[in-house]
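Presented below is the structure to which this report refers.
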Amino acid sequence: MKYIDHNSVVKRMNSRLIVNRILKTLFFLATLFALLTIAVLFYRIITQGVGYLTPEFFQNFGSRFPAKAGVKAALVGSIWLMCVVAPVSLILGVGTAIYLEEYAKKNKLNDFIRMNISNLSGVPSVVFGLLGLTIFVRALSLGNSILAAGFTMSLLILPVIIVAAQEAIRAVPKEVREASYGMGATKWQTITKVVLPSAIPGILTGAILALSRAIGETAPLIVIGVPVIIQFLPENLLSQFTALPMQIYDWAKRPQLEFQNVAAAGILVLMMFLIIMNSIAVFIRNKFQKRY
Amino acid sequence: MKNWKYLLMTTMVGSALALGACGNASTSETTETPAAETEKPQEETAVLEGKVAGDGSSTVAPIMEAIVEEYAAVQNKVQVTVGVSGTGGGFEKFIAGSTDFANASRPIKDEEKEKLAAAGIDFTEFKVAYDGLSLVVNKDNTWVDSLTVEDLKKMWVEDGSVKKWSDINPEWPDEEIVFYSPGTDSGTYDYFDEVVLDEADLVKTATLSEDDNVLVQGVQGDKNAIGYFGYAYYLANKDTLKVVKVEGVEPTNETIESGEYSPLSRPLFVYVKNSAVKENPATYDFMKYTLENAGDMAEAVGYVKLPDADYDKGLADLEGLK
């Protein structure tokens with residue numbers, strides 16, 4: 001204690017406290033700004049769209065009359081799309097992450113692969129759309145079907161899922177793995193029974209973010225040539241379809257003012273869809289979070 | 001260990017639910033089909049099945065949506081899809097052979113014709129409606145009433161100078177003109193570029209947007225603004241915008257149909273692949289329905305119908321393809 005100069009501590013105390021307070025206010029304002037933006041957005045969308053959110057809105061196809069226009073085709077199309085994207089991207093993504101983290105050796109090639117996967121998550125979605133158009137739509141002649149769009153969307157979100165799953169797997173303590181080996185478990189047993197269960201919360205957080213992105217993306221769908229005007233529901237994975245963001249985009253571009261409100265109602269449906277999907281994932285995540 | 005099994009179960013139940021949702025959707029469709037089918041024989045004798053795909057101009061899209069909506073009630077087994085990629089994008093898909101028809105808000109370009117020829121695709125052009133490109137200014141703009149094509153050219157062509165209203169007419173205010181124009185991928189831009197600008201560059205200061213509502217709002221919000229877009233957008237915002245006469249003629253249903261509103265009244269097209277009409281009865285039937293109803297549907301969504309003779313000629317052409 002005798003080495004501390006009390007005078008200088010007291011002299012600087014005030015300025016230190018002020019800096020502390022300024023920064024606290026600054027960060028609070030930053031949070032408030034984000035919250036306010038969301039609040040304004042919600043307020044505008046809800047006041048505009050809620051009047052159109054009737055049971056008929058879910059039962060009708062698109063129409064030239066705003067009052068008769070509905071999201072049936074788009075909503076069902078988006079659900080079908082998610083039925084393809086979720087399993088494909090999760091299986092491929094988690095599989096890749098397990099390979100890279102558990103099996104792959106530390107060498108230059110694998111480092112190169114890892115680096116490129118991280119880079120891929122920054123590639124604009126239009127580029128993935130062009131890739132999907134060339135490979136799935138034309139080369140594999142899947143046309144503008146659910147399958148082609150689903151594969152394209154899966155590619156788009158794959159890097160995000162891989163990176164998140166890698167982080168989650170890496171965060172599992174080494175001791176736990178070693179304990180598992182010590183008990184005589186094989187590598188595969190250790191992965192399925194020890195590593196994956198404790199990595200699930202992290203993997204799911206990444207998956208939620210990725211799937212939310214996939215459901216809101218418009219650009220790849222436009223490039224693939226997903227139609228907007230459609231008066232039937234998909235029958236199988238090779239059927240044509242339309243998706244919520246396409247439908248919303250189309251309504252928002254219409255000349256008649258009422259269609260702006262229909263678009264707002266469409267956005268509300270998309271948001272409800274997102275919230276339901278996210279809460280399912282959050283529920284599963286919380287079930288597993290108590291392990292460590 | 002138990003938790004892991006629990007996860008397996010939740011995922012399985014979850015995916016079963018998700019797939020169930022899909023399944024549900026298709027069953028609800030199949031239950032609907034018979035109901036509509038029973039009504040059909042009175043209207044239409046032949047029940048057709050098949051797929052018809054189109055893509056193209058967002059200007060033509062509202063007309064097509066109305067037609068597809070009505071057609072679905074007549075032939076509900078024919079699956080018609082129409083995309084809205086813009087005139088250029090629509091032709092691209094048409095050339096690639098992935099669509100049966102392309103909607104266009106300008107005539108087909110020579111280079112597009114060449115590519116179609118190279119791809120071995122024969123096509124036929126049908127007019128479906130008229131649109132009048134409408135020039136609009138702010139409500140508070142008291143000075144402009146009518147402009148000539150020469151004036152428009154002076155205003156809209158990029159020549160390096162700052163454009164002021166007083167440049168066009170010395171009596172007008174000495175203030176900078178604010179330009180709003182549809183994006184370069186739209187047929188509307190192409191048409192304006194060709195007819196008014198003689199393919200010269202558009203002023204660099206112009207705000208371009210693929211969404212015409214952005215143009216509407218831009219002109220509404222600025223006293224010195226001028227913009228142009230399809231007639232339907234003007235009609236929908238008639239009370240908040242002031243339309244400018246071109247060569248002394250105001251765009252109305254009559255002046256557009258008669259061709260008096262010149263040179264900015266333009267036909268809207270549908271280009272159809274000949275082989276699709278020949279080989280696929282559904283395409284023929286849908287195109288026939290389109291030509292028979294395009295006029296009424298166009299009026300319903302804010303465009304102007306063609307003289308009846310034009311539709312009759314289109315129908316005759318279509319018969320010739322069969």
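Following the order of the structure tokens, first chain is A, next is B, and so on, with residues numbered from 1 inside each chain and ligands from 1 in the order they appear.
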
- Could you please tell me, as a PyMOL selection string, which residues of chain A have an atom within 9 Å of chain B when using only C-alpha atoms? chain A and resi 61-65+76-77+79-80+82-83+87+138+143-144+192-194+196-197+222-223+225-236+240-241+250+252-257+280+284+287-288

- Query: Can you tell me how far atom CA of Thr242 of chain A sits from atom CA of Thr152 of chain A, in Å to one decimal?
  - Reply: 14.6 Å

- Query: Near Met153 of chain A, within 8 Å and counting only C-alpha atoms, which residues show up once chain neighbours fewer than 3 positions away are dropped, as a ChimeraX atom specification?
  - Reply: /A:85,128,149-150,156-157,214,220

Please save N, CA and C atoms of the selected residues as a PDB file, in the first residue's frame.
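The resulting file, selection-v5.pdb, is reproduced below:
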ATOM      1  N   VAL A  85     -34.249 -27.217 -47.437  1.00  0.00           N
ATOM      2  CA  VAL A  85     -33.049 -26.508 -46.971  1.00  0.00           C
ATOM      3  C   VAL A  85     -32.594 -27.017 -45.608  1.00  0.00           C
ATOM      4  N   PHE A 128     -24.525 -16.931 -55.402  1.00  0.00           N
ATOM      5  CA  PHE A 128     -25.025 -18.287 -55.191  1.00  0.00           C
ATOM      6  C   PHE A 128     -26.213 -18.572 -56.100  1.00  0.00           C
ATOM      7  N   ALA A 149     -34.167 -24.734 -55.994  1.00  0.00           N
ATOM      8  CA  ALA A 149     -34.091 -23.577 -55.104  1.00  0.00           C
ATOM      9  C   ALA A 149     -33.586 -23.996 -53.729  1.00  0.00           C
ATOM     10  N   GLY A 150     -34.048 -25.164 -53.249  1.00  0.00           N
ATOM     11  CA  GLY A 150     -33.629 -25.637 -51.932  1.00  0.00           C
ATOM     12  C   GLY A 150     -32.134 -25.906 -51.880  1.00  0.00           C
ATOM     13  N   LEU A 156     -26.011 -21.585 -50.030  1.00  0.00           N
ATOM     14  CA  LEU A 156     -25.850 -20.218 -49.537  1.00  0.00           C
ATOM     15  C   LEU A 156     -25.587 -20.192 -48.036  1.00  0.00           C
ATOM     16  N   ILE A 157     -26.298 -21.020 -47.280  1.00  0.00           N
ATOM     17  CA  ILE A 157     -26.172 -20.934 -45.820  1.00  0.00           C
ATOM     18  C   ILE A 157     -25.197 -21.963 -45.257  1.00  0.00           C
ATOM     19  N   ALA A 214     -32.049 -17.869 -44.981  1.00  0.00           N
ATOM     20  CA  ALA A 214     -32.539 -18.564 -46.172  1.00  0.00           C
ATOM     21  C   ALA A 214     -33.999 -18.228 -46.452  1.00  0.00           C
ATOM     22  N   PRO A 220     -31.373 -14.898 -54.730  1.00  0.00           N
ATOM     23  CA  PRO A 220     -31.112 -16.165 -55.433  1.00  0.00           C
ATOM     24  C   PRO A 220     -32.364 -16.685 -56.125  1.00  0.00           C
TER      25      PRO A 220
END

- Could you check how far atom CA of Gly70 of chain A sits from atom CA of Ile275 of chain A, in Å to one decimal?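 Going from atom CA of Gly70 of chain A over to atom CA of Ile275 of chain A, I get 20.3 Å.
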
- Task: Pick out each residue of segment 107-272 of chain B that DSSP on the backbone tags as strand (DSSP E or B); I need them as an MDAnalysis selection string.
- Result: chainID B and resid 123:132 134:138 146:147 157 164 176 178:182 202 207:209 225:229 241:243 245:246 249 265:272
